[in-house]
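Enquirer: What follows is data-v8.tsv; its format and atoms are TSV, C-alpha atoms.
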chain	number	residue	atom	x	y	z
A	3	MET	CA	-79.23	-112.05	50.91
A	4	LEU	CA	-76.34	-109.64	50.43
A	5	PRO	CA	-73.83	-111.31	52.83
A	6	VAL	CA	-74.06	-114.48	50.72
A	7	PHE	CA	-72.74	-112.60	47.68
A	8	LEU	CA	-70.15	-110.67	49.68
A	9	MET	CA	-68.50	-113.61	51.46
A	10	GLY	CA	-64.78	-113.81	50.71
A	11	LEU	CA	-61.46	-114.47	52.33
A	12	ASP	CA	-61.85	-111.62	54.82
A	13	ALA	CA	-65.10	-112.42	56.58
A	14	THR	CA	-64.83	-109.37	58.90
A	15	LEU	CA	-64.37	-106.95	56.00
A	16	ASP	CA	-67.15	-108.57	54.00
A	17	ALA	CA	-69.51	-108.41	56.97
A	18	ARG	CA	-68.80	-104.69	57.30
A	19	LEU	CA	-69.44	-104.17	53.61
A	20	ALA	CA	-72.70	-106.07	53.95
A	21	ALA	CA	-73.76	-103.85	56.86
A	22	VAL	CA	-72.90	-100.72	54.87
A	23	LEU	CA	-74.88	-101.90	51.85
A	24	CYS	CA	-77.85	-102.85	54.00
A	25	GLY	CA	-77.71	-99.37	55.55
A	26	VAL	CA	-77.61	-97.84	52.08
A	27	VAL	CA	-80.69	-99.86	51.12
A	28	ALA	CA	-82.53	-98.75	54.27
A	29	VAL	CA	-81.75	-95.08	53.64
A	30	THR	CA	-82.38	-95.02	49.91
A	31	VAL	CA	-85.63	-96.97	50.12
A	32	GLY	CA	-86.98	-94.48	52.64
A	33	VAL	CA	-85.93	-91.57	50.46
A	34	TYR	CA	-86.90	-92.89	47.04
A	35	ILE	CA	-89.88	-95.11	47.75
A	36	THR	CA	-92.27	-92.37	46.69
A	37	SER	CA	-90.09	-91.18	43.81
A	38	LEU	CA	-89.07	-94.04	41.53
A	39	PRO	CA	-87.48	-91.82	38.84
A	40	ALA	CA	-85.17	-90.34	41.47
A	41	MET	CA	-84.29	-93.84	42.68
A	42	ARG	CA	-83.48	-94.98	39.13
A	43	LEU	CA	-81.36	-91.87	38.62
A	44	GLN	CA	-79.46	-92.61	41.83
A	45	ILE	CA	-78.78	-96.21	40.79
A	46	GLY	CA	-77.71	-95.12	37.31
A	47	GLY	CA	-75.35	-92.55	38.80
A	48	THR	CA	-73.86	-95.17	41.11
A	49	TRP	CA	-73.08	-97.52	38.24
A	50	LEU	CA	-71.78	-94.72	36.07
A	51	GLY	CA	-69.33	-93.80	38.81
A	52	LEU	CA	-68.29	-97.44	39.25
A	53	ALA	CA	-67.77	-97.84	35.49
A	54	VAL	CA	-65.53	-94.78	35.38
A	55	SER	CA	-63.60	-96.07	38.38
A	56	VAL	CA	-63.05	-99.49	36.74
A	57	LEU	CA	-61.94	-97.90	33.45
A	58	LEU	CA	-59.41	-95.84	35.36
A	59	GLY	CA	-57.98	-99.00	36.86
A	60	GLY	CA	-59.55	-98.78	40.29
A	61	GLY	CA	-62.89	-99.58	41.84
A	62	PRO	CA	-64.13	-102.42	44.06
A	63	ASP	CA	-63.52	-106.05	43.37
A	64	GLY	CA	-65.92	-108.36	41.58
A	65	ALA	CA	-67.66	-109.63	44.73
A	66	ILE	CA	-68.67	-106.14	45.73
A	67	LEU	CA	-69.82	-105.31	42.23
A	68	PHE	CA	-71.85	-108.50	42.16
A	69	GLY	CA	-73.39	-107.67	45.52
A	70	LEU	CA	-74.29	-104.18	44.35
A	71	ALA	CA	-75.79	-105.60	41.18
A	72	VAL	CA	-77.98	-108.01	43.15
A	73	MET	CA	-79.02	-105.28	45.55
A	74	HIS	CA	-80.00	-102.86	42.79
A	75	LEU	CA	-81.72	-105.58	40.77
A	76	LEU	CA	-83.85	-106.57	43.75
A	77	THR	CA	-84.56	-102.90	44.42
A	78	LEU	CA	-85.67	-102.28	40.83
A	79	VAL	CA	-87.86	-105.40	40.83
A	80	LEU	CA	-89.45	-105.13	44.27
A	81	LEU	CA	-89.57	-101.41	44.98
A	82	PRO	CA	-92.15	-100.34	42.31
A	83	GLY	CA	-94.88	-102.54	43.82
A	84	ILE	CA	-94.04	-101.39	47.33
A	85	SER	CA	-93.86	-97.80	46.16
A	86	LEU	CA	-97.28	-98.05	44.53
A	87	ARG	CA	-98.85	-99.31	47.74
A	88	VAL	CA	-97.09	-96.67	49.83
A	89	VAL	CA	-98.10	-93.85	47.49
A	90	ASP	CA	-101.69	-95.11	47.44
A	91	GLY	CA	-101.64	-95.24	51.23
A	92	ILE	CA	-100.29	-91.69	51.45
A	93	ARG	CA	-102.91	-90.44	49.02
A	94	LEU	CA	-105.62	-92.22	51.01
A	95	GLN	CA	-104.36	-90.63	54.25
A	96	GLN	CA	-104.30	-87.22	52.60
A	97	ALA	CA	-107.81	-87.73	51.23
A	98	ASN	CA	-109.05	-88.85	54.64
A	99	ALA	CA	-107.39	-85.87	56.32
A	100	GLN	CA	-108.94	-83.51	53.78
A	101	LEU	CA	-112.35	-85.12	54.25
A	102	ALA	CA	-112.01	-84.89	58.03
A	103	GLU	CA	-111.13	-81.18	57.77
A	104	GLN	CA	-114.10	-80.55	55.46
A	105	LEU	CA	-116.36	-82.37	57.90
A	106	ARG	CA	-114.98	-80.35	60.82
A	107	LEU	CA	-115.56	-77.07	58.98
A	108	HIS	CA	-119.06	-78.18	57.98
A	109	LEU	CA	-119.95	-79.13	61.55
A	110	GLN	CA	-118.51	-75.83	62.79
A	111	THR	CA	-120.61	-73.94	60.24
A	112	VAL	CA	-123.74	-75.87	61.18
A	113	GLU	CA	-123.10	-75.25	64.87
A	114	GLU	CA	-122.57	-71.54	64.28
A	115	GLU	CA	-125.72	-71.31	62.16
A	116	ALA	CA	-127.69	-73.14	64.84
A	117	ALA	CA	-126.52	-70.57	67.42
A	118	THR	CA	-126.90	-67.42	65.28
A	119	ASP	CA	-129.84	-65.18	64.47
A	120	PRO	CA	-129.93	-65.15	60.66
A	121	LEU	CA	-131.06	-61.54	60.38
A	122	THR	CA	-128.62	-59.74	62.68
A	123	GLY	CA	-125.78	-62.25	63.02
A	124	VAL	CA	-125.87	-62.13	66.83
A	125	LEU	CA	-126.70	-65.10	69.06
A	126	ASN	CA	-130.18	-66.58	69.03
A	127	ARG	CA	-132.39	-67.60	71.96
A	128	ARG	CA	-131.14	-71.18	71.99
A	129	ALA	CA	-127.51	-70.11	72.34
A	130	LEU	CA	-128.45	-67.51	74.95
A	131	ASP	CA	-130.23	-70.10	77.10
A	132	ARG	CA	-127.10	-72.27	77.11
A	133	LEU	CA	-124.89	-69.34	78.10
A	134	LEU	CA	-127.31	-68.21	80.81
A	135	ALA	CA	-127.43	-71.69	82.32
A	136	ARG	CA	-123.63	-71.94	82.24
A	137	GLU	CA	-123.11	-68.52	83.85
A	138	THR	CA	-125.72	-68.96	86.59
A	139	ASP	CA	-124.33	-72.41	87.42
A	140	ARG	CA	-120.84	-70.90	87.63
A	141	CYS	CA	-122.03	-68.10	89.90
A	142	GLU	CA	-123.88	-70.54	92.14
A	143	ALA	CA	-120.85	-72.81	92.44
A	144	GLN	CA	-118.06	-70.23	92.64
A	145	GLY	CA	-119.78	-67.17	94.05
A	146	GLY	CA	-119.24	-65.03	90.95
A	147	MET	CA	-121.49	-62.45	89.33
A	148	VAL	CA	-123.35	-62.05	86.05
A	149	SER	CA	-125.84	-59.42	84.92
A	150	VAL	CA	-128.39	-59.28	82.13
A	151	LEU	CA	-129.71	-56.35	80.09
A	152	ALA	CA	-133.07	-56.76	78.38
A	153	LEU	CA	-133.37	-54.24	75.50
A	154	ASP	CA	-136.63	-53.47	73.71
A	155	LEU	CA	-136.77	-50.95	70.86
A	156	ASP	CA	-139.48	-48.34	71.45
A	157	HIS	CA	-142.39	-48.06	69.00
A	158	PHE	CA	-140.64	-50.31	66.52
A	159	LYS	CA	-143.92	-51.56	65.05
A	160	ALA	CA	-144.38	-48.07	63.63
A	161	VAL	CA	-141.13	-48.42	61.70
A	162	ASN	CA	-142.38	-51.54	59.93
A	163	ASP	CA	-145.82	-50.02	59.35
A	164	THR	CA	-144.40	-46.78	57.93
A	165	HIS	CA	-141.36	-47.95	55.96
A	166	GLY	CA	-141.92	-51.66	55.43
A	167	HIS	CA	-140.20	-54.73	56.81
A	168	ALA	CA	-137.12	-54.39	54.61
A	169	VAL	CA	-136.26	-51.07	56.24
A	170	GLY	CA	-137.21	-52.50	59.62
A	171	ASP	CA	-134.80	-55.39	59.08
A	172	GLU	CA	-132.00	-52.98	58.14
A	173	ALA	CA	-132.73	-50.98	61.29
A	174	LEU	CA	-132.47	-54.15	63.41
A	175	ARG	CA	-129.12	-55.01	61.82
A	176	ALA	CA	-127.85	-51.48	62.44
A	177	PHE	CA	-129.08	-51.64	66.05
A	178	ALA	CA	-127.20	-54.92	66.64
A	179	ARG	CA	-124.00	-53.46	65.18
A	180	ARG	CA	-124.29	-50.32	67.31
A	181	ILE	CA	-124.95	-52.23	70.52
A	182	ARG	CA	-122.18	-54.76	69.94
A	183	GLY	CA	-119.52	-52.07	69.43
A	184	PRO	CA	-119.09	-50.88	73.06
A	185	LEU	CA	-119.37	-54.35	74.60
A	186	ARG	CA	-116.41	-56.30	75.96
A	187	GLN	CA	-115.16	-59.35	74.12
A	188	SER	CA	-116.48	-61.52	76.97
A	189	ASP	CA	-120.00	-60.07	76.71
A	190	HIS	CA	-122.72	-61.69	74.61
A	191	LEU	CA	-125.48	-60.11	72.53
A	192	ALA	CA	-128.53	-62.14	71.51
A	193	ARG	CA	-131.78	-61.44	69.69
A	194	VAL	CA	-134.69	-63.17	71.42
A	195	GLY	CA	-137.69	-61.66	69.63
A	196	GLY	CA	-138.67	-59.27	66.88
A	197	GLU	CA	-137.13	-56.13	68.40
A	198	GLU	CA	-136.05	-57.65	71.72
A	199	PHE	CA	-132.37	-58.21	72.53
A	200	ILE	CA	-130.45	-59.49	75.52
A	201	VAL	CA	-126.94	-58.54	76.62
A	202	LEU	CA	-125.21	-61.01	78.94
A	203	LEU	CA	-122.45	-59.46	81.07
A	204	PRO	CA	-120.32	-62.12	82.81
A	205	GLY	CA	-118.56	-60.84	85.91
A	206	ALA	CA	-120.48	-57.54	85.98
A	207	PRO	CA	-122.30	-56.52	89.21
A	208	LEU	CA	-125.52	-54.52	89.08
A	209	SER	CA	-123.78	-51.13	89.32
A	210	ASN	CA	-121.52	-51.81	86.33
A	211	ALA	CA	-124.41	-53.28	84.36
A	212	HIS	CA	-126.40	-50.11	85.07
A	213	GLU	CA	-123.61	-47.94	83.69
A	214	ILE	CA	-123.31	-50.08	80.56
A	215	ALA	CA	-127.09	-49.96	80.03
A	216	GLU	CA	-127.13	-46.15	80.24
A	217	ARG	CA	-124.25	-45.97	77.76
A	218	LEU	CA	-126.08	-48.25	75.31
A	219	ARG	CA	-129.32	-46.31	75.68
A	220	ALA	CA	-127.48	-43.07	74.88
A	221	ILE	CA	-125.70	-44.35	71.76
A	222	VAL	CA	-128.98	-45.66	70.34
A	223	ALA	CA	-130.70	-42.31	70.84
A	224	GLU	CA	-127.83	-40.14	69.58
A	225	ALA	CA	-128.19	-40.92	65.85
A	226	PRO	CA	-130.66	-42.57	63.44
A	227	LEU	CA	-130.24	-46.28	62.80
A	228	VAL	CA	-131.00	-45.75	59.10
A	229	ASP	CA	-130.40	-42.47	57.25
A	230	VAL	CA	-132.58	-43.01	54.16
A	231	PRO	CA	-135.39	-43.28	54.98
A	232	ARG	CA	-134.64	-41.78	58.35
A	233	VAL	CA	-135.26	-44.28	61.14
A	234	ALA	CA	-134.52	-42.93	64.62
A	235	VAL	CA	-135.62	-44.94	67.63
A	236	THR	CA	-134.97	-45.18	71.34
A	237	VAL	CA	-134.56	-48.24	73.55
A	238	SER	CA	-135.94	-49.26	76.93
A	239	ILE	CA	-133.60	-51.38	79.03
A	240	GLY	CA	-134.16	-53.57	82.07
A	241	VAL	CA	-131.19	-54.60	84.21
A	242	ALA	CA	-130.98	-57.61	86.52
A	243	ALA	CA	-128.04	-59.13	88.41
A	244	PHE	CA	-127.59	-62.68	89.63
A	245	ARG	CA	-128.93	-63.59	93.05
A	246	PRO	CA	-128.13	-66.85	94.83
A	247	GLY	CA	-130.59	-69.47	93.73
A	248	ASP	CA	-131.23	-67.84	90.34
A	249	GLY	CA	-131.42	-69.98	87.26
A	250	GLY	CA	-131.10	-68.54	83.78
A	251	THR	CA	-134.88	-68.29	83.43
A	252	ASP	CA	-135.21	-66.41	86.73
A	253	LEU	CA	-132.53	-63.89	85.82
A	254	LEU	CA	-134.00	-63.30	82.38
A	255	ALA	CA	-137.53	-62.93	83.75
A	256	ARG	CA	-136.48	-60.19	86.18
A	257	ALA	CA	-134.63	-58.30	83.43
A	258	ASP	CA	-137.69	-58.60	81.16
A	259	ALA	CA	-139.94	-57.29	83.91
A	260	ALA	CA	-137.63	-54.30	84.42
A	261	ALA	CA	-137.64	-53.59	80.66
A	262	TYR	CA	-141.45	-53.69	80.68
A	263	GLU	CA	-141.45	-51.20	83.53
A	264	ALA	CA	-139.09	-48.95	81.55
A	265	LYS	CA	-141.53	-48.95	78.63
A	266	ARG	CA	-144.55	-48.44	80.90
A	267	SER	CA	-142.96	-45.49	82.68
A	268	GLY	CA	-142.12	-43.50	79.55
A	269	ARG	CA	-139.58	-45.43	77.41
A	270	ASP	CA	-136.00	-44.42	76.51
A	271	ARG	CA	-134.82	-45.23	80.01
A	272	VAL	CA	-133.08	-47.82	82.16
A	273	VAL	CA	-134.84	-49.56	85.03
A	274	LEU	CA	-133.17	-51.86	87.56
A	275	ALA	CA	-134.91	-55.05	88.54
A	276	GLU	CA	-136.25	-55.13	92.08
A	277	GLY	CA	-134.18	-57.05	94.56
Just dump the structure as structure tokens.
Expert:
Amino acid sequence: MLPVFLMGLDATLDARLAAVLCGVVAVTVGVYITSLPAMRLQIGGTWLGLAVSVLLGGGPDGAILFGLAVMHLLTLVLLPGISLRVVDGIRLQQANAQLAEQLRLHLQTVEEEAATDPLTGVLNRRALDRLLARETDRCEAQGGMVSVLALDLDHFKAVNDTHGHAVGDEALRAFARRIRGPLRQSDHLARVGGEEFIVLLPGAPLSNAHEIAERLRAIVAEAPLVDVPRVAVTVSIGVAAFRPGDGGTDLLARADAAAYEAKRSGRDRVVLAEG
């Protein structure tokens, strides 16, 4: 509508003025659409400057002033409704984004809880089974290696019988912390039974897994898990490495059998799975 009010004797000049004013509208609407007080302040400042210019004997001619007046009037009439809808839309987008983030965090928490042993904070059997299947599939397809340590605390029933389950639970938490310390970031520790734990060692051949198992056995035996009351235990460890054709269940079964043999043959020792 602005060119209609800006038409004069010099059509080229008026067309340029119309383009400038339309550009001003485009810029100011984008800037002030979410801040109406700032927009009103800008319009007031514009007219204050024009008034001073006219009083000093200068300023634009009447056609331009009329065009500006129409432009600002339309802006003041139309922009509040548009601004309200835009602000509501922005608030809705922000609310949706916040809700989506809350949902993501909630799902992440639920997923972590579903994969975590609530007592010790390490992985549970369900999460271990997924990791075992993934690693054995990878080894079968790519020719890699993975080893498993099956750890069973020796005579742990006596700890619960002597000191109670609260002390036994604290001992299990301390055991998990002690075992997790020397492991690599890529290794995984899981609790699969009362005092039974599994360490998954991606990329580790049997010889390296054996060394790690001996190191873990030694650090468990070197100091009590709980000082008061004193709870000192040892651990029997079975070690098994991936063989072509192994699934996760096969690998775990051979490590469990080796751990059973370690307990049967005197405890506080490491036994390698046959084959």
Enquirer: Can you measure CA of Leu70 (chain A) to CA of Gly47 (chain A) for me? One decimal in Å is fine.
Expert: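 Distance between the two atoms: 12.9 Å.
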Enquirer: Could you name the residues that touch Ala264 (chain A) at 7 Å or less, counting only C-alpha atoms, but leaving out those on the same chain fewer than 3 positions away, as an mmCIF file with C-alpha atoms, in the coordinates of the input?
Expert:
data_model
loop_
_atom_site.group_PDB
_atom_site.id
_atom_site.type_symbol
_atom_site.label_atom_id
_atom_site.label_comp_id
_atom_site.auth_asym_id
_atom_site.auth_seq_id
_atom_site.Cartn_x
_atom_site.Cartn_y
_atom_site.Cartn_z
ATOM 1 C CA SER A 238 -135.940 -49.260 76.930
ATOM 2 C CA ILE A 239 -133.600 -51.380 79.030
ATOM 3 C CA GLY A 240 -134.160 -53.570 82.070
ATOM 4 C CA ALA A 260 -137.630 -54.300 84.420
ATOM 5 C CA ALA A 261 -137.640 -53.590 80.660
ATOM 6 C CA SER A 267 -142.960 -45.490 82.680
ATOM 7 C CA GLY A 268 -142.120 -43.500 79.550
ATOM 8 C CA ARG A 269 -139.580 -45.430 77.410
ATOM 9 C CA ARG A 271 -134.820 -45.230 80.010
ATOM 10 C CA VAL A 272 -133.080 -47.820 82.160
ATOM 11 C CA VAL A 273 -134.840 -49.560 85.030
#
Enquirer: Can you tell me which residues surround region 182-197 of chain A at a distance of at most 10 Å, considering all atoms listed in the file, apart from same-chain residues fewer than 2 positions away, and format the answer as number ranges by chain?
Expert: A: 117-131, 133, 150-159, 170-171, 173-174, 176-180, 199-206, 214, 217-218, 221, 237
Enquirer: With distances taken over all atoms listed in the file, which residue among A:Pro82, A:Gly59, A:Gly250, A:Gly91 lies nearest Arg42 (chain A)?
Expert: A:Pro82
Enquirer: Provide an axis-aligned box for all listed atoms of region 48-61 of chain A, padding each side by 8 Å; report its centre and its edge lengths in Å to one decimal, as JSON.
Expert:
{"center_x": -65.9, "center_y": -96.7, "center_z": 37.6, "size_x": 31.9, "size_y": 21.8, "size_z": 24.4}
Enquirer: How far is it from CA of Thr164 (chain A) to CA of Val235 (chain A), in Å with one decimal?
Expert: 13.2 Å
Enquirer: Set the distance at 10 Å and use all atoms listed in the file: which residues neighbour Ala135 (chain A) once local chain neighbours fewer than 5 positions away are removed? I'd like the list as JSON, numbers by chain.
Expert: {"A": [130, 140, 141, 248, 249, 250, 251, 253]}
Enquirer: Could those selected residues go to a file with C-alpha atoms, as a tab-separated table (two decimals), keeping the file's coordinate frame?
Expert:
chain	number	residue	atom	x	y	z
A	130	LEU	CA	-128.45	-67.51	74.95
A	140	ARG	CA	-120.84	-70.90	87.63
A	141	CYS	CA	-122.03	-68.10	89.90
A	248	ASP	CA	-131.23	-67.84	90.34
A	249	GLY	CA	-131.42	-69.98	87.26
A	250	GLY	CA	-131.10	-68.54	83.78
A	251	THR	CA	-134.88	-68.29	83.43
A	253	LEU	CA	-132.53	-63.89	85.82
Enquirer: Please determine, counting all atoms listed in the file, which residue among A:Lys265, A:Val228, A:Arg93, A:Met73 has the shortest atom-to-atom distance to Val161 (chain A).
Expert: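 Going through A:Lys265, A:Val228, A:Arg93, A:Met73 one by one, the smallest distance to Val161 (chain A) is for A:Val228.
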Enquirer: Mind pulling up the distance from CA of Ala242 (chain A) to CA of Ala275 (chain A)?
Expert: 5.1 Å
Enquirer: Just save region 123-159 of chain A with N, CA and C atoms, as an mmCIF file, in the first residue's frame.
Expert:
data_model
loop_
_atom_site.group_PDB
_atom_site.id
_atom_site.type_symbol
_atom_site.label_atom_id
_atom_site.label_comp_id
_atom_site.auth_asym_id
_atom_site.auth_seq_id
_atom_site.Cartn_x
_atom_site.Cartn_y
_atom_site.Cartn_z
ATOM 1 N N GLY A 123 25.522 -51.180 41.272
ATOM 2 C CA GLY A 123 25.661 -50.161 40.240
ATOM 3 C C GLY A 123 26.362 -50.633 38.985
ATOM 4 N N VAL A 124 26.771 -51.906 38.925
ATOM 5 C CA VAL A 124 27.370 -52.436 37.706
ATOM 6 C C VAL A 124 26.257 -52.984 36.816
ATOM 7 N N LEU A 125 26.631 -53.525 35.655
ATOM 8 C CA LEU A 125 25.626 -54.063 34.745
ATOM 9 C C LEU A 125 24.922 -55.273 35.353
ATOM 10 N N ASN A 126 23.689 -55.509 34.886
ATOM 11 C CA ASN A 126 22.982 -56.704 35.324
ATOM 12 C C ASN A 126 23.066 -57.793 34.255
ATOM 13 N N ARG A 127 22.410 -58.935 34.519
ATOM 14 C CA ARG A 127 22.514 -60.075 33.604
ATOM 15 C C ARG A 127 21.912 -59.756 32.240
ATOM 16 N N ARG A 128 20.832 -59.017 32.222
ATOM 17 C CA ARG A 128 20.187 -58.682 30.955
ATOM 18 C C ARG A 128 21.130 -57.882 30.059
ATOM 19 N N ALA A 129 21.777 -56.871 30.630
ATOM 20 C CA ALA A 129 22.707 -56.057 29.845
ATOM 21 C C ALA A 129 23.913 -56.874 29.411
ATOM 22 N N LEU A 130 24.389 -57.769 30.306
ATOM 23 C CA LEU A 130 25.528 -58.607 29.961
ATOM 24 C C LEU A 130 25.209 -59.513 28.780
ATOM 25 N N ASP A 131 24.026 -60.113 28.773
ATOM 26 C CA ASP A 131 23.649 -61.002 27.677
ATOM 27 C C ASP A 131 23.670 -60.262 26.338
ATOM 28 N N ARG A 132 23.195 -59.013 26.325
ATOM 29 C CA ARG A 132 23.222 -58.230 25.089
ATOM 30 C C ARG A 132 24.656 -57.978 24.628
ATOM 31 N N LEU A 133 25.527 -57.609 25.576
ATOM 32 C CA LEU A 133 26.914 -57.337 25.230
ATOM 33 C C LEU A 133 27.634 -58.598 24.753
ATOM 34 N N LEU A 134 27.373 -59.720 25.422
ATOM 35 C CA LEU A 134 27.984 -60.981 25.016
ATOM 36 C C LEU A 134 27.585 -61.359 23.595
ATOM 37 N N ALA A 135 26.285 -61.231 23.300
ATOM 38 C CA ALA A 135 25.809 -61.559 21.956
ATOM 39 C C ALA A 135 26.450 -60.644 20.923
ATOM 40 N N ARG A 136 26.566 -59.350 21.246
ATOM 41 C CA ARG A 136 27.162 -58.407 20.300
ATOM 42 C C ARG A 136 28.626 -58.733 20.056
ATOM 43 N N GLU A 137 29.374 -59.040 21.133
ATOM 44 C CA GLU A 137 30.801 -59.291 20.992
ATOM 45 C C GLU A 137 31.076 -60.606 20.276
ATOM 46 N N THR A 138 30.332 -61.654 20.592
ATOM 47 C CA THR A 138 30.566 -62.931 19.908
ATOM 48 C C THR A 138 30.172 -62.838 18.438
ATOM 49 N N ASP A 139 29.119 -62.111 18.129
ATOM 50 C CA ASP A 139 28.747 -61.906 16.720
ATOM 51 C C ASP A 139 29.848 -61.144 15.987
ATOM 52 N N ARG A 140 30.408 -60.137 16.650
ATOM 53 C CA ARG A 140 31.488 -59.360 16.029
ATOM 54 C C ARG A 140 32.707 -60.241 15.778
ATOM 55 N N CYS A 141 33.055 -61.061 16.771
ATOM 56 C CA CYS A 141 34.218 -61.934 16.606
ATOM 57 C C CYS A 141 33.989 -62.950 15.491
ATOM 58 N N GLU A 142 32.781 -63.478 15.412
ATOM 59 C CA GLU A 142 32.472 -64.456 14.371
ATOM 60 C C GLU A 142 32.548 -63.827 12.983
ATOM 61 N N ALA A 143 32.092 -62.587 12.880
ATOM 62 C CA ALA A 143 32.048 -61.929 11.572
ATOM 63 C C ALA A 143 33.388 -61.342 11.173
ATOM 64 N N GLN A 144 34.146 -60.807 12.134
ATOM 65 C CA GLN A 144 35.364 -60.069 11.812
ATOM 66 C C GLN A 144 36.647 -60.766 12.245
ATOM 67 N N GLY A 145 36.511 -61.888 12.923
ATOM 68 C CA GLY A 145 37.696 -62.602 13.351
ATOM 69 C C GLY A 145 38.401 -61.980 14.540
ATOM 70 N N GLY A 146 37.687 -61.253 15.373
ATOM 71 C CA GLY A 146 38.288 -60.623 16.540
ATOM 72 C C GLY A 146 38.374 -61.572 17.713
ATOM 73 N N MET A 147 38.565 -60.992 18.906
ATOM 74 C CA MET A 147 38.713 -61.792 20.114
ATOM 75 C C MET A 147 37.970 -61.132 21.269
ATOM 76 N N VAL A 148 37.439 -61.932 22.147
ATOM 77 C CA VAL A 148 36.831 -61.458 23.392
ATOM 78 C C VAL A 148 36.999 -62.559 24.430
ATOM 79 N N SER A 149 37.253 -62.155 25.664
ATOM 80 C CA SER A 149 37.403 -63.112 26.758
ATOM 81 C C SER A 149 36.457 -62.756 27.892
ATOM 82 N N VAL A 150 36.178 -63.764 28.709
ATOM 83 C CA VAL A 150 35.244 -63.597 29.826
ATOM 84 C C VAL A 150 35.893 -64.125 31.096
ATOM 85 N N LEU A 151 35.747 -63.357 32.189
ATOM 86 C CA LEU A 151 36.147 -63.807 33.516
ATOM 87 C C LEU A 151 34.897 -64.034 34.346
ATOM 88 N N ALA A 152 34.780 -65.217 34.930
ATOM 89 C CA ALA A 152 33.681 -65.505 35.843
ATOM 90 C C ALA A 152 34.249 -65.483 37.266
ATOM 91 N N LEU A 153 33.796 -64.554 38.096
ATOM 92 C CA LEU A 153 34.320 -64.367 39.453
ATOM 93 C C LEU A 153 33.276 -64.800 40.470
ATOM 94 N N ASP A 154 33.705 -65.586 41.443
ATOM 95 C CA ASP A 154 32.800 -66.065 42.496
ATOM 96 C C ASP A 154 33.497 -65.887 43.835
ATOM 97 N N LEU A 155 32.921 -65.057 44.699
ATOM 98 C CA LEU A 155 33.515 -64.817 46.014
ATOM 99 C C LEU A 155 33.479 -66.103 46.842
ATOM 100 N N ASP A 156 34.599 -66.399 47.509
ATOM 101 C CA ASP A 156 34.722 -67.637 48.271
ATOM 102 C C ASP A 156 34.069 -67.508 49.644
ATOM 103 N N HIS A 157 33.298 -68.536 50.004
ATOM 104 C CA HIS A 157 32.675 -68.620 51.330
ATOM 105 C C HIS A 157 31.876 -67.362 51.682
ATOM 106 N N PHE A 158 31.212 -66.788 50.720
ATOM 107 C CA PHE A 158 30.523 -65.525 50.999
ATOM 108 C C PHE A 158 29.272 -65.738 51.853
ATOM 109 N N LYS A 159 28.703 -66.927 51.799
ATOM 110 C CA LYS A 159 27.527 -67.200 52.634
ATOM 111 C C LYS A 159 27.857 -67.010 54.106
#
